[in-house]
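Novice: Submitted below is the structure of interest, expressed as structure tokens.
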Amino acid sequence: MQPGLSSPSKQYATNILEALSIFADAQSNLVLDVLAGQTPHENEKFPTGELNFVDAGWRGFYHCHAAAEKHSEEHGHFHLFVCCGEEQWTHVAALSIDNLGQPRSWFTVNQWVTGANWLSANDTLSLLDDVHISPETGLTEQFLLSMLGLYHDDLSELLFERDRRLTQINAGANMDDTLEDRSVYVLSSRLIALQERLVQSVRT
Amino acid sequence: MEHKYNRWIMGTAVGVVAIAAMIDHTRHTLPIAQPNDIVIIDDESDASPCSLDVSPCSLD
């Protein structure tokens with residue numbers, strides 16, 4: 001049985017290394033994999049028809065924002081959503097990718113950005129414990145799910161930070177208004193040093 | 001197809017150099033995202049001309 005996403009990180013690191021080895025041999029990476037030779041257009045979602053997580057407990061896609069709307073070191077980002085009820089989805093985090101196809105940061109966003117169901121950090125994290133990586137899962141999807149597992153503790157901190165930041169911004173006002181506030185976009189973020197994390201994880 | 005890197009990761013020890021090399025071989029310049037030619041004008045919007053009436057990162 002595949003481990004849930006809150007299991008020890010070594011298995012996730014191994015999954016990522018296996019995916020990296022295949023990408024390396026193919027002179028590819030997870031973004032080139034989802035682009036499949038296509039030239040991306042701003043806000044266009046990849047892959048066509050979304051990522052396929054097989055067990056249907058996850059949905060996600062990759063896209064690029066207009067240059068004026070994004071960090072100069074970012075090419076685009078993966079948005080990852082977990083199922084929180086029948087045909088209901090909540091956004092967990094986005095994985096920012098640099099111009100060379102490498103993960104550069106995790107970040108969370110305000111509710112209006114994704115329009116998904118809004119769950120507290122605690123409720124969101126409880127959903128991560130039930131997710132498994134199917135052996136039939138595609139390479140990029142396996143990489144992304146394993147990243148969620150490898151960075152589980154970081155994501156936990158990010159989501160709690162997201163909630164704290166929202167509470168600060170809200171300051172007693174109507175939370176629905178704050179969740180729709182177009183001036184509030186990214187709520188928390190954390191840079192990634194994947195190589196160091198992988199080395200650390202396989203040694204444990 | 002044999003993956004040369006698999007030999008490095010299947011053992012009990014995975015070296016820092018091996019991981020660095022593997023990651024390095026996945027660094028490829030990504031194609032620049034092209035601007036969208038479609039411009040949506042929404043006179044009903046009371047927000048700025050650059051506002052987004054729908055969630056920009058929604059699943060739909």
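To be explicit about the labels: the chains of the structure tokens are called A, B, and onward in the order shown, and within each one the residues are counted from 1, while ligands get numbers from 1 in the order they are shown.
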Please provide as a PDB file with all heavy atoms, in the first residue's frame all residues within 12 Å of Met175 of chain A, with the sequence filter that same-chain residues fewer than 3 positions apart are discarded (counting only C-alpha atoms).
Specialist:
ATOM      1  N   ASN A 110      -5.561  33.674  -1.634  1.00  0.00           N
ATOM      2  CA  ASN A 110      -6.879  34.022  -1.126  1.00  0.00           C
ATOM      3  C   ASN A 110      -7.961  33.243  -1.891  1.00  0.00           C
ATOM      4  O   ASN A 110      -7.727  32.751  -3.002  1.00  0.00           O
ATOM      5  CB  ASN A 110      -7.093  35.526  -1.275  1.00  0.00           C
ATOM      6  CG  ASN A 110      -8.179  36.046  -0.353  1.00  0.00           C
ATOM      7  OD1 ASN A 110      -8.758  35.298   0.441  1.00  0.00           O
ATOM      8  ND2 ASN A 110      -8.458  37.335  -0.452  1.00  0.00           N
ATOM      9  N   GLN A 111      -9.131  33.179  -1.301  1.00  0.00           N
ATOM     10  CA  GLN A 111     -10.197  32.346  -1.861  1.00  0.00           C
ATOM     11  C   GLN A 111     -10.606  32.752  -3.271  1.00  0.00           C
ATOM     12  O   GLN A 111     -10.849  31.902  -4.128  1.00  0.00           O
ATOM     13  CB  GLN A 111     -11.414  32.378  -0.931  1.00  0.00           C
ATOM     14  CG  GLN A 111     -12.421  31.263  -1.168  1.00  0.00           C
ATOM     15  CD  GLN A 111     -13.508  31.652  -2.163  1.00  0.00           C
ATOM     16  OE1 GLN A 111     -13.739  32.830  -2.395  1.00  0.00           O
ATOM     17  NE2 GLN A 111     -14.160  30.672  -2.747  1.00  0.00           N
ATOM     18  N   TRP A 118     -13.545  27.048   0.610  1.00  0.00           N
ATOM     19  CA  TRP A 118     -12.559  27.522   1.585  1.00  0.00           C
ATOM     20  C   TRP A 118     -12.660  26.683   2.850  1.00  0.00           C
ATOM     21  O   TRP A 118     -13.699  26.639   3.491  1.00  0.00           O
ATOM     22  CB  TRP A 118     -12.790  28.989   1.921  1.00  0.00           C
ATOM     23  CG  TRP A 118     -11.694  29.532   2.778  1.00  0.00           C
ATOM     24  CD1 TRP A 118     -11.681  29.645   4.134  1.00  0.00           C
ATOM     25  CD2 TRP A 118     -10.418  30.000   2.324  1.00  0.00           C
ATOM     26  NE1 TRP A 118     -10.477  30.155   4.557  1.00  0.00           N
ATOM     27  CE2 TRP A 118      -9.685  30.383   3.463  1.00  0.00           C
ATOM     28  CE3 TRP A 118      -9.825  30.122   1.065  1.00  0.00           C
ATOM     29  CZ2 TRP A 118      -8.378  30.894   3.378  1.00  0.00           C
ATOM     30  CZ3 TRP A 118      -8.534  30.628   0.983  1.00  0.00           C
ATOM     31  CH2 TRP A 118      -7.832  31.009   2.129  1.00  0.00           C
ATOM     32  N   ASP A 163      -4.026  31.296   7.296  1.00  0.00           N
ATOM     33  CA  ASP A 163      -5.198  31.604   8.119  1.00  0.00           C
ATOM     34  C   ASP A 163      -4.926  32.769   9.068  1.00  0.00           C
ATOM     35  O   ASP A 163      -5.789  33.627   9.285  1.00  0.00           O
ATOM     36  CB  ASP A 163      -5.634  30.360   8.901  1.00  0.00           C
ATOM     37  CG  ASP A 163      -6.288  29.319   7.995  1.00  0.00           C
ATOM     38  OD1 ASP A 163      -6.308  29.519   6.762  1.00  0.00           O
ATOM     39  OD2 ASP A 163      -6.776  28.295   8.519  1.00  0.00           O
ATOM     40  N   LEU A 166      -4.922  35.997   7.093  1.00  0.00           N
ATOM     41  CA  LEU A 166      -6.291  36.404   6.760  1.00  0.00           C
ATOM     42  C   LEU A 166      -6.983  37.033   7.959  1.00  0.00           C
ATOM     43  O   LEU A 166      -7.690  38.030   7.819  1.00  0.00           O
ATOM     44  CB  LEU A 166      -7.096  35.188   6.301  1.00  0.00           C
ATOM     45  CG  LEU A 166      -7.353  35.013   4.810  1.00  0.00           C
ATOM     46  CD1 LEU A 166      -8.297  33.857   4.592  1.00  0.00           C
ATOM     47  CD2 LEU A 166      -7.905  36.276   4.163  1.00  0.00           C
ATOM     48  N   THR A 167      -6.781  36.428   9.110  1.00  0.00           N
ATOM     49  CA  THR A 167      -7.397  36.955  10.325  1.00  0.00           C
ATOM     50  C   THR A 167      -6.883  38.355  10.615  1.00  0.00           C
ATOM     51  O   THR A 167      -7.646  39.250  11.001  1.00  0.00           O
ATOM     52  CB  THR A 167      -7.094  36.019  11.520  1.00  0.00           C
ATOM     53  OG1 THR A 167      -7.600  34.715  11.217  1.00  0.00           O
ATOM     54  CG2 THR A 167      -7.750  36.532  12.795  1.00  0.00           C
ATOM     55  N   GLN A 168      -5.577  38.543  10.408  1.00  0.00           N
ATOM     56  CA  GLN A 168      -4.985  39.871  10.620  1.00  0.00           C
ATOM     57  C   GLN A 168      -5.595  40.890   9.658  1.00  0.00           C
ATOM     58  O   GLN A 168      -5.968  41.994  10.060  1.00  0.00           O
ATOM     59  CB  GLN A 168      -3.476  39.824  10.389  1.00  0.00           C
ATOM     60  CG  GLN A 168      -2.692  39.156  11.488  1.00  0.00           C
ATOM     61  CD  GLN A 168      -1.213  38.999  11.103  1.00  0.00           C
ATOM     62  OE1 GLN A 168      -0.825  39.224   9.960  1.00  0.00           O
ATOM     63  NE2 GLN A 168      -0.403  38.592  12.068  1.00  0.00           N
ATOM     64  N   ILE A 169      -5.694  40.507   8.416  1.00  0.00           N
ATOM     65  CA  ILE A 169      -6.228  41.423   7.396  1.00  0.00           C
ATOM     66  C   ILE A 169      -7.697  41.722   7.666  1.00  0.00           C
ATOM     67  O   ILE A 169      -8.161  42.850   7.549  1.00  0.00           O
ATOM     68  CB  ILE A 169      -6.063  40.816   5.987  1.00  0.00           C
ATOM     69  CG1 ILE A 169      -4.579  40.704   5.636  1.00  0.00           C
ATOM     70  CG2 ILE A 169      -6.806  41.634   4.937  1.00  0.00           C
ATOM     71  CD1 ILE A 169      -4.308  39.853   4.400  1.00  0.00           C
ATOM     72  N   ASN A 170      -8.396  40.673   8.067  1.00  0.00           N
ATOM     73  CA  ASN A 170      -9.835  40.801   8.292  1.00  0.00           C
ATOM     74  C   ASN A 170     -10.149  41.757   9.441  1.00  0.00           C
ATOM     75  O   ASN A 170     -11.039  42.602   9.325  1.00  0.00           O
ATOM     76  CB  ASN A 170     -10.415  39.419   8.579  1.00  0.00           C
ATOM     77  CG  ASN A 170     -11.908  39.423   8.630  1.00  0.00           C
ATOM     78  OD1 ASN A 170     -12.549  39.885   7.698  1.00  0.00           O
ATOM     79  ND2 ASN A 170     -12.471  38.921   9.710  1.00  0.00           N
ATOM     80  N   ALA A 171      -9.403  41.609  10.511  1.00  0.00           N
ATOM     81  CA  ALA A 171      -9.514  42.501  11.676  1.00  0.00           C
ATOM     82  C   ALA A 171     -10.965  42.757  12.090  1.00  0.00           C
ATOM     83  O   ALA A 171     -11.374  43.896  12.309  1.00  0.00           O
ATOM     84  CB  ALA A 171      -8.814  43.824  11.380  1.00  0.00           C
ATOM     85  N   GLY A 172     -11.727  41.684  12.185  1.00  0.00           N
ATOM     86  CA  GLY A 172     -13.098  41.801  12.669  1.00  0.00           C
ATOM     87  C   GLY A 172     -14.126  42.149  11.614  1.00  0.00           C
ATOM     88  O   GLY A 172     -15.321  42.228  11.906  1.00  0.00           O
ATOM     89  N   THR A 178     -13.319  39.730   2.927  1.00  0.00           N
ATOM     90  CA  THR A 178     -11.858  39.580   2.901  1.00  0.00           C
ATOM     91  C   THR A 178     -11.449  38.479   1.932  1.00  0.00           C
ATOM     92  O   THR A 178     -10.470  38.609   1.198  1.00  0.00           O
ATOM     93  CB  THR A 178     -11.330  39.267   4.311  1.00  0.00           C
ATOM     94  OG1 THR A 178     -11.780  40.288   5.200  1.00  0.00           O
ATOM     95  CG2 THR A 178      -9.810  39.215   4.336  1.00  0.00           C
ATOM     96  N   LEU A 179     -12.220  37.394   1.915  1.00  0.00           N
ATOM     97  CA  LEU A 179     -11.912  36.289   0.996  1.00  0.00           C
ATOM     98  C   LEU A 179     -12.086  36.696  -0.460  1.00  0.00           C
ATOM     99  O   LEU A 179     -11.522  36.070  -1.359  1.00  0.00           O
ATOM    100  CB  LEU A 179     -12.807  35.076   1.308  1.00  0.00           C
ATOM    101  CG  LEU A 179     -12.533  34.357   2.629  1.00  0.00           C
ATOM    102  CD1 LEU A 179     -13.632  33.343   2.938  1.00  0.00           C
ATOM    103  CD2 LEU A 179     -11.183  33.653   2.601  1.00  0.00           C
ATOM    104  N   GLU A 180     -12.865  37.745  -0.690  1.00  0.00           N
ATOM    105  CA  GLU A 180     -13.088  38.238  -2.053  1.00  0.00           C
ATOM    106  C   GLU A 180     -12.289  39.501  -2.363  1.00  0.00           C
ATOM    107  O   GLU A 180     -12.437  40.085  -3.441  1.00  0.00           O
ATOM    108  CB  GLU A 180     -14.581  38.531  -2.249  1.00  0.00           C
ATOM    109  CG  GLU A 180     -15.435  37.280  -2.385  1.00  0.00           C
ATOM    110  CD  GLU A 180     -15.085  36.477  -3.628  1.00  0.00           C
ATOM    111  OE1 GLU A 180     -14.864  37.079  -4.695  1.00  0.00           O
ATOM    112  OE2 GLU A 180     -14.989  35.244  -3.530  1.00  0.00           O
ATOM    113  N   ASP A 181     -11.468  39.911  -1.424  1.00  0.00           N
ATOM    114  CA  ASP A 181     -10.715  41.154  -1.574  1.00  0.00           C
ATOM    115  C   ASP A 181      -9.629  41.002  -2.639  1.00  0.00           C
ATOM    116  O   ASP A 181      -8.638  40.289  -2.443  1.00  0.00           O
ATOM    117  CB  ASP A 181     -10.089  41.530  -0.217  1.00  0.00           C
ATOM    118  CG  ASP A 181      -9.411  42.890  -0.258  1.00  0.00           C
ATOM    119  OD1 ASP A 181      -9.141  43.403  -1.361  1.00  0.00           O
ATOM    120  OD2 ASP A 181      -9.138  43.424   0.833  1.00  0.00           O
TER     121      ASP A 181
END
Novice: Using only C-alpha atoms, determine which residues lie at most 8 Å from Pro35 of chain B, disregarding the query and same-chain residues fewer than 6 positions distant; provide the list as a PyMOL selection string.
Specialist: chain A and resi 41-42+66
Novice: Determine, using only C-alpha atoms, which residues of chain B have any atom at most 6 Å from an atom of chain A, and tabulate each with its shortest atom pair and distance in Å to one decimal place, rows ordered by chain and then rising number, as a tab-separated table.
Specialist:
residue	atom	partner	partner_atom	distance
B:Tyr5	CA	A:Ser21	CA	5.2
B:His25	CA	A:Ala24	CA	4.9
B:Thr26	CA	A:Ala24	CA	5.0
B:Arg27	CA	A:Leu100	CA	5.0
B:His28	CA	A:Leu100	CA	4.8
B:Thr29	CA	A:Leu100	CA	4.5
B:Leu30	CA	A:Asn99	CA	5.7
B:Ala33	CA	A:His41	CA	4.8
B:Gln34	CA	A:His41	CA	4.5
B:Pro35	CA	A:Glu42	CA	5.5
B:Asn36	CA	A:Glu42	CA	5.8
B:Ser55	CA	A:Val113	CA	4.9
B:Pro56	CA	A:Val113	CA	5.7
B:Cys57	CA	A:Thr114	CA	4.5
B:Ser58	CA	A:Thr114	CA	4.1
Novice: Interatomic distance between atom CA of Ala121 of chain A and atom CA of Phe160 of chain A?
Specialist: 5.4 Å
Novice: Can you measure atom CA of Pro103 of chain A to atom CA of Ser126 of chain A for me? One decimal in Å is fine.
Specialist: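 So the answer is 24.5 Å.
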Novice: State, in Å with one decimal place, the distance from atom CA of Val186 of chain A to atom CA of Ile32 of chain B.
Specialist: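 Computing it gives 22.9 Å between the two atoms.
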Novice: For the strand (DSSP E or B) assignment from backbone DSSP, which residues of segment 12-94 of chain A qualify? Please present them as a list of chain:residue names.
Specialist: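 The residues of segment 12-94 of chain A classed as strand (DSSP E or B) are A:His41, A:Phe46, A:Trp58, A:Arg59, A:Gly60, A:Phe61, A:Tyr62, A:His63, A:Glu74, A:His75, A:Gly76, A:His77, A:Phe78, A:His79, A:Leu80, A:Phe81, A:Val82, A:Cys83, A:Cys84, A:Gly85, A:Gln88, A:Trp89, A:Thr90, A:His91, A:Val92, A:Ala93, A:Ala94.
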Novice: May I have the selected residues written with C-alpha atoms, as an mmCIF file, in the first residue's frame?
Specialist:
data_model
loop_
_atom_site.group_PDB
_atom_site.id
_atom_site.type_symbol
_atom_site.label_atom_id
_atom_site.label_comp_id
_atom_site.auth_asym_id
_atom_site.auth_seq_id
_atom_site.Cartn_x
_atom_site.Cartn_y
_atom_site.Cartn_z
ATOM 1 C CA HIS A 41 -0.174 31.079 -23.575
ATOM 2 C CA PHE A 46 -1.795 22.402 -18.910
ATOM 3 C CA TRP A 58 -6.919 15.414 -6.474
ATOM 4 C CA ARG A 59 -7.165 17.872 -9.299
ATOM 5 C CA GLY A 60 -4.659 20.333 -10.608
ATOM 6 C CA PHE A 61 -3.122 22.128 -13.527
ATOM 7 C CA TYR A 62 -0.173 24.241 -14.562
ATOM 8 C CA HIS A 63 -0.420 27.718 -15.983
ATOM 9 C CA GLU A 74 8.696 32.304 -11.974
ATOM 10 C CA HIS A 75 7.685 30.661 -15.222
ATOM 11 C CA GLY A 76 4.344 29.427 -13.912
ATOM 12 C CA HIS A 77 2.817 27.346 -11.161
ATOM 13 C CA PHE A 78 0.871 24.193 -10.445
ATOM 14 C CA HIS A 79 -2.365 24.625 -8.521
ATOM 15 C CA LEU A 80 -3.298 21.600 -6.455
ATOM 16 C CA PHE A 81 -6.803 20.928 -5.166
ATOM 17 C CA VAL A 82 -7.975 18.121 -2.916
ATOM 18 C CA CYS A 83 -11.480 16.677 -2.858
ATOM 19 C CA CYS A 84 -13.511 17.881 0.128
ATOM 20 C CA GLY A 85 -16.907 16.387 -0.739
ATOM 21 C CA GLN A 88 -16.209 19.768 -4.091
ATOM 22 C CA TRP A 89 -12.610 20.931 -4.114
ATOM 23 C CA THR A 90 -10.404 23.009 -1.917
ATOM 24 C CA HIS A 91 -7.088 24.575 -2.863
ATOM 25 C CA VAL A 92 -4.141 23.258 -0.898
ATOM 26 C CA ALA A 93 -1.245 25.220 -2.351
ATOM 27 C CA ALA A 94 0.465 26.258 -5.535
#
Novice: If you run DSSP on the backbone, which residues of segment 102-189 of chain A are helix (DSSP H, G or I), as JSON, numbers by chain?
Specialist: {"A": [111, 112, 113, 114, 121, 122, 123, 124, 125, 126, 127, 128, 139, 140, 141, 142, 143, 144, 145, 146, 147, 148, 149, 150, 152, 153, 154, 155, 156, 157, 158, 159, 160, 161, 162, 163, 164, 165, 166, 167, 168, 169, 170, 175, 176, 177, 178, 179]}
Novice: For segment 143-145 of chain A, find every residue with an atom within 6 Å (counting only C-alpha atoms), except residues of its own chain fewer than 3 positions away, and show them as a PyMOL selection string.
Specialist: chain A and resi 16+140+148
Novice: Set the distance at 12 Å and use only C-alpha atoms: which residues neighbour Ile133 of chain A once local chain neighbours fewer than 4 positions away are removed? I'd like the list as a VMD selection string.
Specialist: chain A and resid 1 to 5 7 11 to 12 15 52 to 58 128 to 129 137 to 149
Novice: Could the residues in this selection be written to a file with C-alpha atoms, as a CSV table (one decimal), in the first residue's frame?
Specialist:
chain,number,residue,atom,x,y,z
A,1,MET,CA,0.0,0.0,0.0
A,2,GLN,CA,1.3,3.4,-0.8
A,3,PRO,CA,1.8,5.7,2.1
A,4,GLY,CA,-0.5,8.6,3.0
A,5,LEU,CA,0.9,12.0,2.5
A,7,SER,CA,4.1,9.3,6.2
A,11,GLN,CA,9.4,7.3,0.4
A,12,TYR,CA,8.4,10.6,-1.1
A,15,ASN,CA,9.5,8.8,-5.6
A,52,ASN,CA,-4.7,12.9,-14.0
A,53,PHE,CA,-4.3,11.8,-10.4
A,54,VAL,CA,-6.1,8.5,-11.1
A,55,ASP,CA,-7.8,8.2,-7.7
A,56,ALA,CA,-9.8,11.3,-8.4
A,57,GLY,CA,-9.0,12.7,-4.9
A,58,TRP,CA,-6.9,15.4,-6.5
A,128,LEU,CA,-4.0,15.2,3.1
A,129,ASP,CA,-3.7,12.3,5.5
A,137,THR,CA,-0.4,7.7,-11.4
A,138,GLY,CA,1.5,9.6,-14.1
A,139,LEU,CA,5.1,10.8,-13.7
A,140,THR,CA,4.3,14.4,-13.1
A,141,GLU,CA,1.4,13.7,-10.9
A,142,GLN,CA,3.5,11.3,-8.9
A,143,PHE,CA,6.1,14.0,-8.5
A,144,LEU,CA,3.6,16.5,-7.4
A,145,LEU,CA,1.9,14.2,-4.8
A,146,SER,CA,5.3,13.2,-3.5
A,147,MET,CA,6.2,16.9,-3.2
A,148,LEU,CA,3.1,17.3,-1.1
A,149,GLY,CA,4.2,14.5,1.1
